[in-house]
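*Asks:* Below is the file query_23.csv, which contains CSV, C-alpha atoms and all ligand atoms.
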```
chain,number,residue,atom,x,y,z
F,1,MET,CA,-23.4,16.2,-4.0
F,2,LYS,CA,-20.0,14.7,-4.2
F,3,THR,CA,-19.1,11.1,-3.1
F,4,THR,CA,-16.0,10.3,-1.1
F,5,LEU,CA,-14.3,6.9,-1.0
F,6,THR,CA,-12.2,6.4,2.1
F,7,VAL,CA,-10.2,3.2,2.8
F,8,ILE,CA,-8.5,2.9,6.2
F,9,LYS,CA,-6.4,-0.1,7.0
F,10,ALA,CA,-4.6,-1.4,10.0
F,11,ASP,CA,-2.9,-4.6,11.4
F,12,ILE,CA,-4.5,-5.1,14.8
F,13,GLY,CA,-3.2,-8.6,15.4
F,14,ALA,CA,-3.0,-11.9,13.6
F,15,VAL,CA,-3.2,-15.6,14.1
F,16,GLY,CA,-0.1,-17.7,14.1
F,17,GLY,CA,2.4,-14.9,13.7
F,18,HIS,CA,1.8,-12.1,11.1
F,19,LEU,CA,-0.5,-14.2,9.0
F,20,LYS,CA,-4.2,-13.1,9.1
F,21,PRO,CA,-6.7,-11.6,11.4
F,22,SER,CA,-9.1,-14.0,13.3
F,23,GLU,CA,-12.7,-14.3,12.2
F,24,ALA,CA,-13.8,-12.9,15.6
F,25,VAL,CA,-11.7,-9.7,15.1
F,26,LEU,CA,-13.0,-9.3,11.5
F,27,ASN,CA,-16.6,-9.8,12.6
F,28,ARG,CA,-16.2,-7.2,15.4
F,29,VAL,CA,-14.7,-4.6,13.0
F,30,LYS,CA,-17.6,-5.2,10.5
F,31,GLU,CA,-20.2,-5.1,13.2
F,32,TYR,CA,-18.9,-1.9,14.6
F,33,VAL,CA,-18.8,-0.2,11.2
F,34,ASN,CA,-22.3,-1.4,10.5
F,35,LEU,CA,-23.7,-0.3,13.8
F,36,GLU,CA,-22.0,3.0,14.4
F,37,GLY,CA,-21.7,4.0,10.7
F,38,GLY,CA,-25.5,4.4,10.2
F,39,GLY,CA,-26.3,8.0,9.1
F,40,LEU,CA,-22.6,8.6,8.5
F,41,VAL,CA,-21.4,6.2,5.8
F,42,ILE,CA,-23.6,5.3,2.9
F,43,ASP,CA,-21.9,2.0,2.4
F,44,SER,CA,-18.9,0.0,3.5
F,45,TYR,CA,-16.9,-3.1,2.8
F,46,VAL,CA,-14.5,-4.8,5.2
F,47,SER,CA,-11.8,-7.3,3.9
F,48,TYR,CA,-8.3,-8.4,4.7
F,49,THR,CA,-5.1,-9.0,2.9
F,50,GLY,CA,-2.5,-10.9,4.9
F,51,ASP,CA,-2.6,-9.5,8.4
F,52,ASP,CA,-4.2,-6.2,7.4
F,53,ILE,CA,-7.8,-5.3,7.7
F,54,ALA,CA,-9.1,-2.7,5.2
F,55,ILE,CA,-12.3,-0.7,5.8
F,56,LEU,CA,-13.7,0.8,2.7
F,57,MET,CA,-16.4,3.5,3.3
F,58,SER,CA,-18.4,5.6,0.8
F,59,HIS,CA,-19.9,8.8,2.2
F,60,GLN,CA,-20.5,12.5,1.5
F,61,LYS,CA,-18.3,14.0,4.2
F,62,GLY,CA,-15.3,14.8,2.1
F,63,VAL,CA,-11.6,13.9,2.5
F,64,GLY,CA,-10.0,13.8,6.0
F,65,ASP,CA,-13.4,13.9,7.8
F,66,SER,CA,-12.9,13.4,11.5
F,67,ASP,CA,-16.2,11.4,12.0
F,68,ILE,CA,-15.3,9.0,9.3
F,69,HIS,CA,-11.7,8.6,10.6
F,70,ARG,CA,-13.0,8.2,14.1
F,71,LEU,CA,-15.4,5.4,13.0
F,72,ALA,CA,-12.5,3.4,11.5
F,73,TRP,CA,-10.2,4.2,14.5
F,74,GLU,CA,-12.9,3.0,17.0
F,75,ALA,CA,-13.7,-0.1,14.9
F,76,PHE,CA,-10.0,-1.0,15.0
F,77,ARG,CA,-9.9,-0.3,18.8
F,78,GLU,CA,-12.9,-2.6,19.3
F,79,GLY,CA,-11.2,-5.3,17.1
F,80,THR,CA,-8.0,-4.9,19.2
F,81,GLU,CA,-10.0,-5.7,22.4
F,82,ILE,CA,-11.0,-9.0,20.8
F,83,ALA,CA,-7.5,-9.6,19.5
F,84,LYS,CA,-6.2,-9.1,23.0
F,85,GLU,CA,-8.8,-11.5,24.5
F,86,GLU,CA,-7.9,-14.1,22.0
F,87,GLY,CA,-4.2,-13.6,22.5
F,88,LEU,CA,-3.5,-12.8,18.8
F,89,TYR,CA,0.0,-11.9,17.9
F,90,GLY,CA,0.8,-8.2,17.7
F,91,ALA,CA,-2.7,-7.2,19.0
F,92,GLY,CA,-3.2,-3.5,18.3
F,93,GLN,CA,0.2,-3.2,16.7
F,94,ASP,CA,-0.7,-0.4,14.2
F,95,LEU,CA,-2.6,1.7,16.7
F,96,LEU,CA,0.5,3.6,17.7
F,97,LYS,CA,-1.2,6.4,19.7
F,98,ASP,CA,-3.6,6.2,22.6
F,99,SER,CA,-6.0,8.9,21.7
F,100,PHE,CA,-7.8,10.0,18.5
F,101,ALA,CA,-7.1,13.6,17.5
F,102,GLY,CA,-9.4,14.2,14.6
F,103,ASN,CA,-7.6,12.2,11.9
F,104,VAL,CA,-6.0,8.8,11.7
F,105,ARG,CA,-3.0,10.2,9.8
F,106,GLY,CA,0.0,10.0,12.2
F,107,LEU,CA,-1.7,7.5,14.4
F,108,GLY,CA,-0.7,4.3,12.6
F,109,PRO,CA,-3.5,3.2,10.3
F,110,ALA,CA,-3.0,3.9,6.6
F,111,VAL,CA,-5.6,5.9,4.7
F,112,ALA,CA,-6.3,6.6,1.0
F,113,GLU,CA,-9.3,8.7,0.0
F,114,ILE,CA,-10.8,10.5,-3.1
F,115,GLU,CA,-13.7,12.9,-3.3
F,116,PHE,CA,-15.4,13.3,-6.7
F,117,GLU,CA,-18.5,14.1,-8.6
F,118,GLU,CA,-19.9,10.6,-9.5
F,119,ARG,CA,-19.9,9.9,-13.2
F,120,PRO,CA,-23.1,8.1,-14.4
F,121,ASN,CA,-21.1,4.9,-14.1
F,122,GLU,CA,-18.3,5.0,-11.6
F,123,PRO,CA,-16.1,1.9,-11.6
F,124,PHE,CA,-13.1,1.9,-9.2
F,125,LEU,CA,-10.4,-0.6,-7.9
F,126,LEU,CA,-9.4,-1.1,-4.3
F,127,PHE,CA,-5.9,-2.4,-3.9
F,128,ALA,CA,-4.5,-3.7,-0.6
F,129,ALA,CA,-0.9,-5.0,-0.1
F,130,ASP,CA,0.7,-6.8,2.7
F,131,LYS,CA,4.4,-7.2,3.7
F,132,THR,CA,5.6,-4.3,1.5
F,133,GLU,CA,5.8,-0.5,1.3
F,134,PRO,CA,3.8,2.3,-0.5
F,135,GLY,CA,6.5,2.6,-3.2
F,136,ALA,CA,5.5,-0.9,-4.4
F,137,TYR,CA,2.8,0.8,-6.4
F,138,ASN,CA,5.3,3.1,-8.2
F,139,LEU,CA,6.0,0.9,-11.1
F,140,PRO,CA,2.5,-0.4,-11.8
F,141,LEU,CA,1.1,3.2,-11.6
F,142,TYR,CA,3.9,4.6,-13.8
F,143,LEU,CA,3.2,1.9,-16.5
F,144,ALA,CA,-0.6,2.2,-16.3
F,145,PHE,CA,-0.7,6.0,-16.4
F,146,ALA,CA,2.3,6.9,-18.5
F,147,ASP,CA,3.3,4.0,-20.8
F,148,PRO,CA,1.3,3.0,-23.9
F,149,MET,CA,2.9,-0.4,-23.7
F,150,HIS,CA,0.5,-1.1,-20.8
F,151,CYS,CA,-2.1,1.6,-21.4
F,152,PRO,CA,-2.9,1.9,-25.1
F,153,GLY,CA,-5.7,4.3,-24.1
F,154,LEU,CA,-2.9,7.0,-23.8
F,155,MET,CA,-2.6,6.9,-27.6
F,156,LEU,CA,-6.1,5.7,-28.6
F,157,SER,CA,-8.5,7.6,-26.4
F,158,PRO,CA,-8.9,11.4,-27.0
F,159,SER,CA,-10.0,11.8,-23.3
F,160,MET,CA,-6.6,10.6,-22.2
F,161,ALA,CA,-4.4,12.3,-24.8
F,162,GLN,CA,-3.2,15.0,-22.5
F,163,GLY,CA,-1.8,12.5,-20.0
F,164,PHE,CA,-1.8,12.6,-16.2
F,165,THR,CA,-0.2,14.6,-13.4
F,166,PHE,CA,1.6,12.6,-10.7
F,167,THR,CA,2.0,14.0,-7.2
F,168,ILE,CA,5.0,12.4,-5.5
F,169,LEU,CA,5.8,12.5,-1.8
F,170,ASP,CA,9.2,12.4,-0.3
F,171,VAL,CA,8.5,10.0,2.6
F,172,SER,CA,11.9,10.5,4.2
F,173,TYR,CA,11.0,14.1,5.0
F,174,THR,CA,9.4,14.1,8.5
F,175,GLU,CA,8.6,17.9,9.0
F,176,GLY,CA,5.5,17.7,6.8
F,177,ASP,CA,4.3,16.5,3.4
F,178,ARG,CA,7.1,17.4,0.9
F,179,VAL,CA,5.6,16.9,-2.6
F,180,ILE,CA,6.4,17.5,-6.3
F,181,GLU,CA,4.0,17.4,-9.2
F,182,LEU,CA,5.3,16.0,-12.5
F,183,ASN,CA,3.4,15.7,-15.8
F,184,ALA,CA,3.4,12.7,-18.1
F,185,PRO,CA,4.4,12.6,-20.9
F,186,GLU,CA,6.7,15.7,-20.8
F,187,ASP,CA,8.4,14.8,-17.5
F,188,LEU,CA,8.8,11.1,-18.0
F,189,TYR,CA,12.5,11.0,-17.3
F,190,ASP,CA,12.2,13.1,-14.2
F,191,LEU,CA,9.4,10.8,-13.1
F,192,ALA,CA,11.6,7.8,-13.7
F,193,ALA,CA,14.5,9.3,-11.8
F,194,LEU,CA,12.3,9.7,-8.7
F,195,LEU,CA,10.1,6.6,-8.9
F,196,ARG,CA,13.1,4.3,-9.1
F,197,ASP,CA,13.7,5.0,-5.4
F,198,THR,CA,10.7,3.3,-4.0
F,199,HIS,CA,11.8,3.8,-0.4
F,200,ARG,CA,11.9,7.5,-0.6
F,201,PHE,CA,9.7,8.8,-3.5
F,202,VAL,CA,6.2,7.5,-3.5
F,203,ILE,CA,3.2,8.3,-5.8
F,204,LYS,CA,0.6,9.9,-3.5
F,205,SER,CA,-2.0,10.7,-6.1
F,206,ILE,CA,-2.6,11.1,-9.9
F,207,ARG,CA,-5.1,13.3,-11.7
F,208,SER,CA,-6.3,13.6,-15.3
F,209,ARG,CA,-4.8,16.6,-17.2
F,210,THR,CA,-7.9,16.5,-19.5
F,211,THR,CA,-10.5,17.0,-16.7
F,212,GLY,CA,-8.4,17.9,-13.6
F,213,GLU,CA,-10.1,15.0,-11.7
F,214,GLU,CA,-8.2,12.9,-9.2
F,215,CYS,CA,-8.2,9.2,-10.1
F,216,VAL,CA,-5.6,7.6,-7.8
F,217,ALA,CA,-5.0,7.9,-4.1
F,218,VAL,CA,-2.3,5.9,-2.3
F,219,SER,CA,-1.7,5.6,1.4
F,220,THR,CA,1.7,6.9,2.1
F,221,THR,CA,2.1,6.4,5.9
F,222,ARG,CA,5.6,5.7,7.1
F,223,LEU,CA,5.0,3.8,10.4
F,224,HIS,CA,8.7,4.2,11.1
F,225,ASN,CA,8.4,8.0,11.0
F,226,ILE,CA,5.5,7.9,13.5
F,227,ALA,CA,6.9,5.3,16.0
F,228,GLY,CA,10.6,6.4,15.6
F,229,LYS,CA,11.5,2.7,15.3
F,230,TYR,CA,10.7,-0.3,13.0
F,231,VAL,CA,7.1,-1.4,13.6
F,232,GLY,CA,6.5,-3.3,10.4
F,233,LYS,CA,6.2,-2.4,6.8
F,234,ASP,CA,3.6,0.1,5.8
F,235,ASP,CA,1.4,-2.3,3.8
F,236,PRO,CA,-0.3,0.3,1.5
F,237,VAL,CA,-3.9,0.6,0.2
F,238,MET,CA,-4.9,2.4,-2.9
F,239,ILE,CA,-8.0,3.5,-4.7
F,240,VAL,CA,-8.0,3.8,-8.5
F,241,ARG,CA,-10.9,5.2,-10.5
F,242,VAL,CA,-11.0,3.6,-13.9
F,243,GLN,CA,-12.5,3.6,-17.5
F,244,SER,CA,-13.5,6.4,-19.9
F,245,GLN,CA,-11.2,9.4,-19.2
F,246,PHE,CA,-9.0,7.2,-16.9
F,247,PRO,CA,-7.1,4.0,-17.8
F,248,ALA,CA,-9.4,0.9,-18.2
F,249,THR,CA,-9.4,-1.7,-15.4
F,250,GLY,CA,-7.3,-4.0,-17.6
F,251,GLU,CA,-4.7,-1.2,-18.3
F,252,VAL,CA,-4.3,-0.7,-14.5
F,253,LEU,CA,-4.0,-4.4,-13.9
F,254,SER,CA,-1.6,-5.1,-16.8
F,255,PRO,CA,1.6,-4.1,-15.0
F,256,PHE,CA,0.8,-6.4,-12.0
F,257,ALA,CA,1.5,-9.3,-14.4
F,258,ILE,CA,5.2,-8.4,-14.2
F,259,ALA,CA,5.2,-9.5,-10.5
F,260,PRO,CA,7.9,-6.8,-10.0
F,261,TYR,CA,10.4,-7.2,-7.2
F,262,VAL,CA,9.4,-5.1,-4.1
F,263,SER,CA,10.8,-4.7,-0.6
F,264,GLY,CA,9.2,-6.3,2.4
F,265,ASP,CA,8.6,-9.9,3.2
F,266,CYS,CA,10.2,-11.4,6.3
F,267,ARG,CA,11.2,-8.7,8.8
F,268,GLY,CA,10.4,-6.1,6.2
F,269,SER,CA,14.0,-6.6,5.0
F,270,HIS,CA,13.9,-8.6,1.7
F,271,ASN,CA,13.3,-8.0,-1.9
F,272,VAL,CA,10.7,-10.5,-3.3
F,273,ALA,CA,8.2,-10.6,-6.2
F,274,PHE,CA,4.9,-8.8,-5.7
F,275,MET,CA,2.3,-11.6,-5.8
F,276,PRO,CA,-1.3,-10.8,-6.9
F,277,THR,CA,-3.6,-12.7,-4.7
F,278,LYS,CA,-7.3,-13.3,-3.9
F,279,VAL,CA,-8.7,-11.0,-1.2
F,280,ASN,CA,-9.0,-12.5,2.3
F,281,GLU,CA,-5.8,-14.6,1.9
F,282,PRO,CA,-3.2,-15.1,4.6
F,283,VAL,CA,0.5,-14.9,4.0
F,284,ALA,CA,2.2,-18.2,3.6
F,285,TRP,CA,5.9,-18.4,3.3
F,286,PHE,CA,8.9,-16.5,4.7
F,287,ASP,CA,6.3,-14.2,6.4
F,288,GLY,CA,5.2,-13.4,2.9
F,289,PRO,CA,5.5,-13.2,0.0
F,290,ALA,CA,4.6,-9.6,-0.5
F,291,LEU,CA,0.9,-9.7,-1.5
F,292,VAL,CA,-1.5,-7.5,-3.4
F,293,SER,CA,-5.2,-7.9,-3.7
F,294,CYS,CA,-7.7,-6.0,-5.9
F,295,LEU,CA,-11.4,-5.6,-5.6
F,296,ALA,CA,-13.3,-4.0,-8.4
F,297,PHE,CA,-16.6,-2.1,-7.6
F,298,CYS,CA,-19.0,0.4,-9.1
F,299,VAL,CA,-20.4,3.1,-6.8
F,300,HIS,CA,-23.7,4.8,-7.5
F,301,ASN,CA,-25.2,7.5,-5.3
F,302,GLY,CA,-22.7,6.3,-2.8
F,303,ARG,CA,-23.9,2.7,-2.9
F,304,LEU,CA,-21.3,0.0,-3.6
F,305,THR,CA,-22.0,-2.9,-5.9
F,306,GLU,CA,-20.7,-6.3,-4.9
F,307,PRO,CA,-17.0,-6.5,-5.7
F,308,VAL,CA,-15.2,-8.6,-8.3
F,309,ASP,CA,-12.2,-10.3,-6.7
F,310,VAL,CA,-10.0,-9.5,-9.7
F,311,PHE,CA,-6.8,-11.6,-9.0
F,312,ALA,CA,-8.9,-14.7,-8.2
F,313,HIS,CA,-9.2,-15.3,-11.9
F,314,SER,CA,-7.3,-18.3,-13.2
F,315,PHE,CA,-5.2,-16.0,-15.5
F,316,TRP,CA,-3.4,-14.9,-12.3
F,317,ASP,CA,-2.4,-18.5,-11.4
F,318,VAL,CA,0.4,-18.3,-13.9
F,319,ILE,CA,1.5,-15.0,-12.6
F,320,ARG,CA,1.5,-16.4,-9.0
F,321,GLU,CA,3.6,-19.2,-10.2
F,322,LYS,CA,6.0,-16.8,-11.8
F,323,ALA,CA,6.1,-14.7,-8.6
F,324,THR,CA,6.8,-17.8,-6.6
F,325,GLN,CA,9.7,-18.7,-8.9
F,326,LYS,CA,11.1,-15.2,-8.9
F,327,THR,CA,10.9,-15.0,-5.1
F,328,LEU,CA,12.5,-18.4,-4.6
F,329,GLU,CA,15.3,-17.5,-7.0
F,330,ILE,CA,16.3,-14.3,-5.2
F,331,ARG,CA,15.8,-15.9,-1.8
F,332,ARG,CA,18.4,-18.5,-2.7
F,333,GLN,CA,21.1,-15.9,-2.1
F,334,GLY,CA,19.7,-15.1,1.4
F,335,PHE,CA,21.1,-11.9,2.9
F,336,VAL,CA,23.6,-11.1,0.1
F,337,GLY,CA,23.5,-8.1,-2.2
F,338,PRO,CA,20.1,-7.2,-3.7
F,339,ALA,CA,18.4,-10.2,-1.9
F,340,MET,CA,18.2,-8.1,1.3
F,341,VAL,CA,17.2,-4.4,1.4
F,342,GLY,CA,19.9,-1.8,1.8
F,343,PHE,CA,21.2,-0.6,5.2
F,344,GLU,CA,18.8,2.4,5.4
F,345,GLU,CA,15.8,0.2,5.1
F,346,LEU,CA,17.0,-2.5,7.6
F,347,GLU,CA,15.1,-1.1,10.4
F,348,TYR,CA,15.6,-3.9,13.0
F,349,GLY,CA,18.1,-2.2,15.3
F,350,GLY,CA,20.3,-5.3,15.9
F,351,ILE,CA,22.4,-4.8,12.8
F,352,THR,CA,23.2,-1.2,13.7
F,353,GLU,CA,24.7,-2.3,17.1
F,354,ARG,CA,26.5,-5.1,15.4
F,355,LEU,CA,28.1,-2.8,12.8
F,356,ALA,CA,29.0,-0.2,15.4
F,357,ARG,CA,30.9,-2.9,17.4
F,358,LEU,CA,32.6,-4.1,14.3
F,359,ASP,CA,33.5,-0.6,13.2
F,360,GLU,CA,35.7,-0.2,16.2
F,361,LYS,CA,37.7,-3.3,15.2
F,362,PHE,CA,38.5,-2.0,11.8
F,363,ARG,CA,42.1,-0.7,11.2
F,364,VAL,CA,43.6,1.2,8.3
F,365,LEU,CA,46.6,-0.6,6.8
F,366,GLN,CA,49.7,1.4,6.2
F,367,PRO,CA,50.9,1.7,2.5
F,368,SER,CA,53.2,-1.3,1.8
F,369,GLY,CA,56.9,-0.6,2.7
F,370,SER,CA,56.0,1.9,5.4
F,371,GLU,CA,55.4,-0.8,8.1
F,372,GLY,CA,58.2,-2.4,10.0
O,401,LIG,C1,7.1,-8.4,8.1
O,401,LIG,C2,6.6,-8.9,9.4
O,401,LIG,C3,7.3,-10.1,9.9
O,401,LIG,C4,8.0,-9.9,11.2
O,401,LIG,C5,8.7,-11.2,11.7
O,401,LIG,C6,9.3,-11.0,13.1
O,401,LIG,O1,6.5,-7.1,7.9
O,401,LIG,O2,5.7,-8.4,10.0
O,401,LIG,O3,8.2,-10.7,9.0
O,401,LIG,O4,9.0,-8.9,11.0
O,401,LIG,O5,7.7,-12.2,11.8
O,401,LIG,O6,8.3,-10.5,13.9
O,401,LIG,P1,8.5,-10.1,15.4
O,401,LIG,O7,9.7,-9.2,15.5
O,401,LIG,O8,7.2,-9.5,15.8
O,401,LIG,O9,8.8,-11.5,16.1
O,402,MG,MG,1.9,-7.0,10.3
O,403,MG,MG,0.7,-6.3,7.3
```
Mind converting the file's structure to structure tokens?

*Replies:*
Amino acid sequence: MKTTLTVIKADIGAVGGHLKPSEAVLNRVKEYVNLEGGGLVIDSYVSYTGDDIAILMSHQKGVGDSDIHRLAWEAFREGTEIAKEEGLYGAGQDLLKDSFAGNVRGLGPAVAEIEFEERPNEPFLLFAADKTEPGAYNLPLYLAFADPMHCPGLMLSPSMAQGFTFTILDVSYTEGDRVIELNAPEDLYDLAALLRDTHRFVIKSIRSRTTGEECVAVSTTRLHNIAGKYVGKDDPVMIVRVQSQFPATGEVLSPFAIAPYVSGDCRGSHNVAFMPTKVNEPVAWFDGPALVSCLAFCVHNGRLTEPVDVFAHSFWDVIREKATQKTLEIRRQGFVGPAMVGFEELEYGGITERLARLDEKFRVLQPSGSEG
């Protein structure tokens, strides 16, 4: 029997702005999953990163199962009731539709899931990010699954020698899921050409070319495509199976030490460094910084071990310091050039109206000598 790991996350309201969910909301979500999940999920774990709550569930119902999705949807609805009672900011903000139609895709919450035959030991990582977009994982995944500078296993381990297949989604296409599959190492330059554009081309999944097994699943929701207007960044979650025929935990974590620049932060409109953080941490500065947490588990017969909060280790204090410095440095130039995201990603409507008004005031100068 196969095991499925499903993580569904949503922002259903936060204390003090877009900072963190309240204890009462979290407790209600946990309570609902525990009470109503009996007989459906084998195990679950609820945590938060910034203002987003992630519900991790292990079960045997496969990917896209409507009962599993409904459980998370209803848990978020219950949590939203508490958020409204407490007057939390943005109560229910990611629940963009009123009714559940079999799957949370297209309703607002983000989902990542993988079904697999459990190995005798099955370690995996759950990543959750706040104040950024799914493309924020492009660089760390590229480096962990295609670059021996971060993943020496690619050259040292026979079980990884054939490399990995990346499935990349064009998130700007709204008619359906427009995907391309590229193989590392042969297609490295094609991969790079797409992955550089983190707003448009997003790694959706990765599988081993040695065994054909899927080992990475990323949530690729574009809230903007669902709501038709800016409703916050998409704050992605991701599951990564690790070790043996897949990169080691350390190889997957290695690129996060770069604290790469990603888009998000205040009003989803700025480029800042991606800060690795403990789980259950609020955002702190300029509605950010963009945060990423990582919980490491093993799953056995569907049962989860207790997690290791990977970025809580003191090693990451130095990286947090670096991320702070990188963020402060780019923030010093405010709205100018690469400090703010490009026009396409500036989804607050105000600037469009402002530019349209200014556009009418532009005039084309005549070549010198032809005037007067
Ligand atoms: C970023 C984010 C916040 C808000 C900002 C304004 O993803 O959620 O930076 O964009 O606090 O929020 P509103 O428009 O709700 O006042
Ligand atoms: Mg939010
Ligand atoms: Mg958020």

*Asks:* Give me the residues of chain F that have any atom at most 7 Å from an atom of ligand MG 402 (chain O); for each, the nearest atom pair and the distance in Å, rounded to one decimal. Use only C-alpha atoms and all ligand atoms, sort by chain and number, and format it as a Markdown table.

*Replies:*
```
| residue | atom | partner | partner_atom | distance |
| --- | --- | --- | --- | --- |
| F:Asp11 | CA | O:MG402 | MG | 5.5 |
| F:His18 | CA | O:MG402 | MG | 5.2 |
| F:Asp51 | CA | O:MG402 | MG | 5.5 |
| F:Asp52 | CA | O:MG402 | MG | 6.8 |
| F:Gly232 | CA | O:MG402 | MG | 5.9 |
```

*Asks:* Do you know which residues are within 10 Å of ligand LIG 401 (chain O) using only C-alpha atoms and all ligand atoms? Can you write them as a ChimeraX atom specification?

*Replies:* /F:11,16-19,50-51,89-90,93,130-133,230-235,263-270,285-290,347-348

*Asks:* Take the selection from the previous step and output its residues with C-alpha atoms, as a tab-separated table (two decimals), in the coordinates of the input.

*Replies:*
```tsv
chain	number	residue	atom	x	y	z
F	11	ASP	CA	-2.90	-4.60	11.40
F	16	GLY	CA	-0.10	-17.70	14.10
F	17	GLY	CA	2.40	-14.90	13.70
F	18	HIS	CA	1.80	-12.10	11.10
F	19	LEU	CA	-0.50	-14.20	9.00
F	50	GLY	CA	-2.50	-10.90	4.90
F	51	ASP	CA	-2.60	-9.50	8.40
F	89	TYR	CA	0.00	-11.90	17.90
F	90	GLY	CA	0.80	-8.20	17.70
F	93	GLN	CA	0.20	-3.20	16.70
F	130	ASP	CA	0.70	-6.80	2.70
F	131	LYS	CA	4.40	-7.20	3.70
F	132	THR	CA	5.60	-4.30	1.50
F	133	GLU	CA	5.80	-0.50	1.30
F	230	TYR	CA	10.70	-0.30	13.00
F	231	VAL	CA	7.10	-1.40	13.60
F	232	GLY	CA	6.50	-3.30	10.40
F	233	LYS	CA	6.20	-2.40	6.80
F	234	ASP	CA	3.60	0.10	5.80
F	235	ASP	CA	1.40	-2.30	3.80
F	263	SER	CA	10.80	-4.70	-0.60
F	264	GLY	CA	9.20	-6.30	2.40
F	265	ASP	CA	8.60	-9.90	3.20
F	266	CYS	CA	10.20	-11.40	6.30
F	267	ARG	CA	11.20	-8.70	8.80
F	268	GLY	CA	10.40	-6.10	6.20
F	269	SER	CA	14.00	-6.60	5.00
F	270	HIS	CA	13.90	-8.60	1.70
F	285	TRP	CA	5.90	-18.40	3.30
F	286	PHE	CA	8.90	-16.50	4.70
F	287	ASP	CA	6.30	-14.20	6.40
F	288	GLY	CA	5.20	-13.40	2.90
F	289	PRO	CA	5.50	-13.20	0.00
F	290	ALA	CA	4.60	-9.60	-0.50
F	347	GLU	CA	15.10	-1.10	10.40
F	348	TYR	CA	15.60	-3.90	13.00
```

*Asks:* What's around region 205-217 of chain F at 7 Å? Count all atoms listed in the file, leave out sequence neighbours fewer than 6 positions away in its own chain, and write the answer as a list in words.

*Replies:*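 These residues fall inside the cut-off: Ala112, Glu113, Ile114, Ser159, Met160, Gln162, Gly163, Phe164, Thr165, Phe166, Thr167, Met238, Ile239, Val240 and Arg241 of chain F.
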
*Asks:* Could you name the residues that touch Glu74 (chain F) at 9 Å or less, counting all atoms listed in the file, but leaving out those on the same chain fewer than 5 positions away, as a short mmCIF file (atom, residue, chain, number, x, y, z; two decimals) with C-alpha atoms, in the frame of the given file?

*Replies:*
```
data_model
loop_
_atom_site.label_atom_id
_atom_site.label_comp_id
_atom_site.auth_asym_id
_atom_site.auth_seq_id
_atom_site.Cartn_x
_atom_site.Cartn_y
_atom_site.Cartn_z
CA VAL F 29 -14.70 -4.60 13.00
CA TYR F 32 -18.90 -1.90 14.60
CA VAL F 33 -18.80 -0.20 11.20
CA HIS F 69 -11.70 8.60 10.60
CA GLY F 79 -11.20 -5.30 17.10
CA PHE F 100 -7.80 10.00 18.50
#
```

*Asks:* With distances taken over only C-alpha atoms and all ligand atoms, which residue among F:Arg320, F:Leu40, F:Tyr48, F:Arg77 lies nearest ligand MG 403 (chain O)?

*Replies:*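 Under the stated criterion, the closest residue is F:Tyr48.
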
*Asks:* For ligand MG 403 (chain O), which residue out of F:Val299, F:Val7, F:Ile53, F:Ile168 is the nearest one, using only C-alpha atoms and all ligand atoms?

*Replies:*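 Among F:Val299, F:Val7, F:Ile53, F:Ile168, it is F:Ile53 that comes nearest to ligand MG 403 (chain O).
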
*Asks:* Using all atoms listed in the file, can you tell me which of F:Ala101, F:Val218, F:Val283, F:Ala144 comes closest to ligand MG 403 (chain O)?

*Replies:* F:Val283

*Asks:* Closest to Leu156 (chain F) among F:Thr198, F:Gln245, F:Ser219, F:Asn27, using all atoms listed in the file?

*Replies:* F:Gln245

*Asks:* Between CA of Pro140 (chain F) and CA of Ile68 (chain F), what distance in Å does the model show, to one decimal?

*Replies:*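 Distance reported for this atom pair: 29.2 Å.
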
*Asks:* I'd like to know which of F:Glu353, F:Val310, F:Asp94, F:Ala273 is closest to Gln325 (chain F), using all atoms listed in the file.

*Replies:*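 Using all atoms listed in the file, the shortest distance to Gln325 (chain F) belongs to F:Ala273.
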
*Asks:* Taking (0.6, 18.1, 0.9) in the file's coordinates as the center, which residues reach within 10 Å of it, counting only C-alpha atoms, put as a list in words?

*Replies:*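 Collected hits near the coordinates: Thr167, Ile168, Leu169, Gly176, Asp177, Arg178, Val179, Ile180 and Lys204 of chain F.
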
*Asks:* Keeping C-alpha atoms for every residue in the selection just given, could you write it to a file as a short mmCIF file (atom, residue, chain, number, x, y, z; two decimals), keeping the file's coordinate frame?

*Replies:*
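Final output, again.cif:
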```cif
data_model
loop_
_atom_site.label_atom_id
_atom_site.label_comp_id
_atom_site.auth_asym_id
_atom_site.auth_seq_id
_atom_site.Cartn_x
_atom_site.Cartn_y
_atom_site.Cartn_z
CA THR F 167 2.00 14.00 -7.20
CA ILE F 168 5.00 12.40 -5.50
CA LEU F 169 5.80 12.50 -1.80
CA GLY F 176 5.50 17.70 6.80
CA ASP F 177 4.30 16.50 3.40
CA ARG F 178 7.10 17.40 0.90
CA VAL F 179 5.60 16.90 -2.60
CA ILE F 180 6.40 17.50 -6.30
CA LYS F 204 0.60 9.90 -3.50
#
```
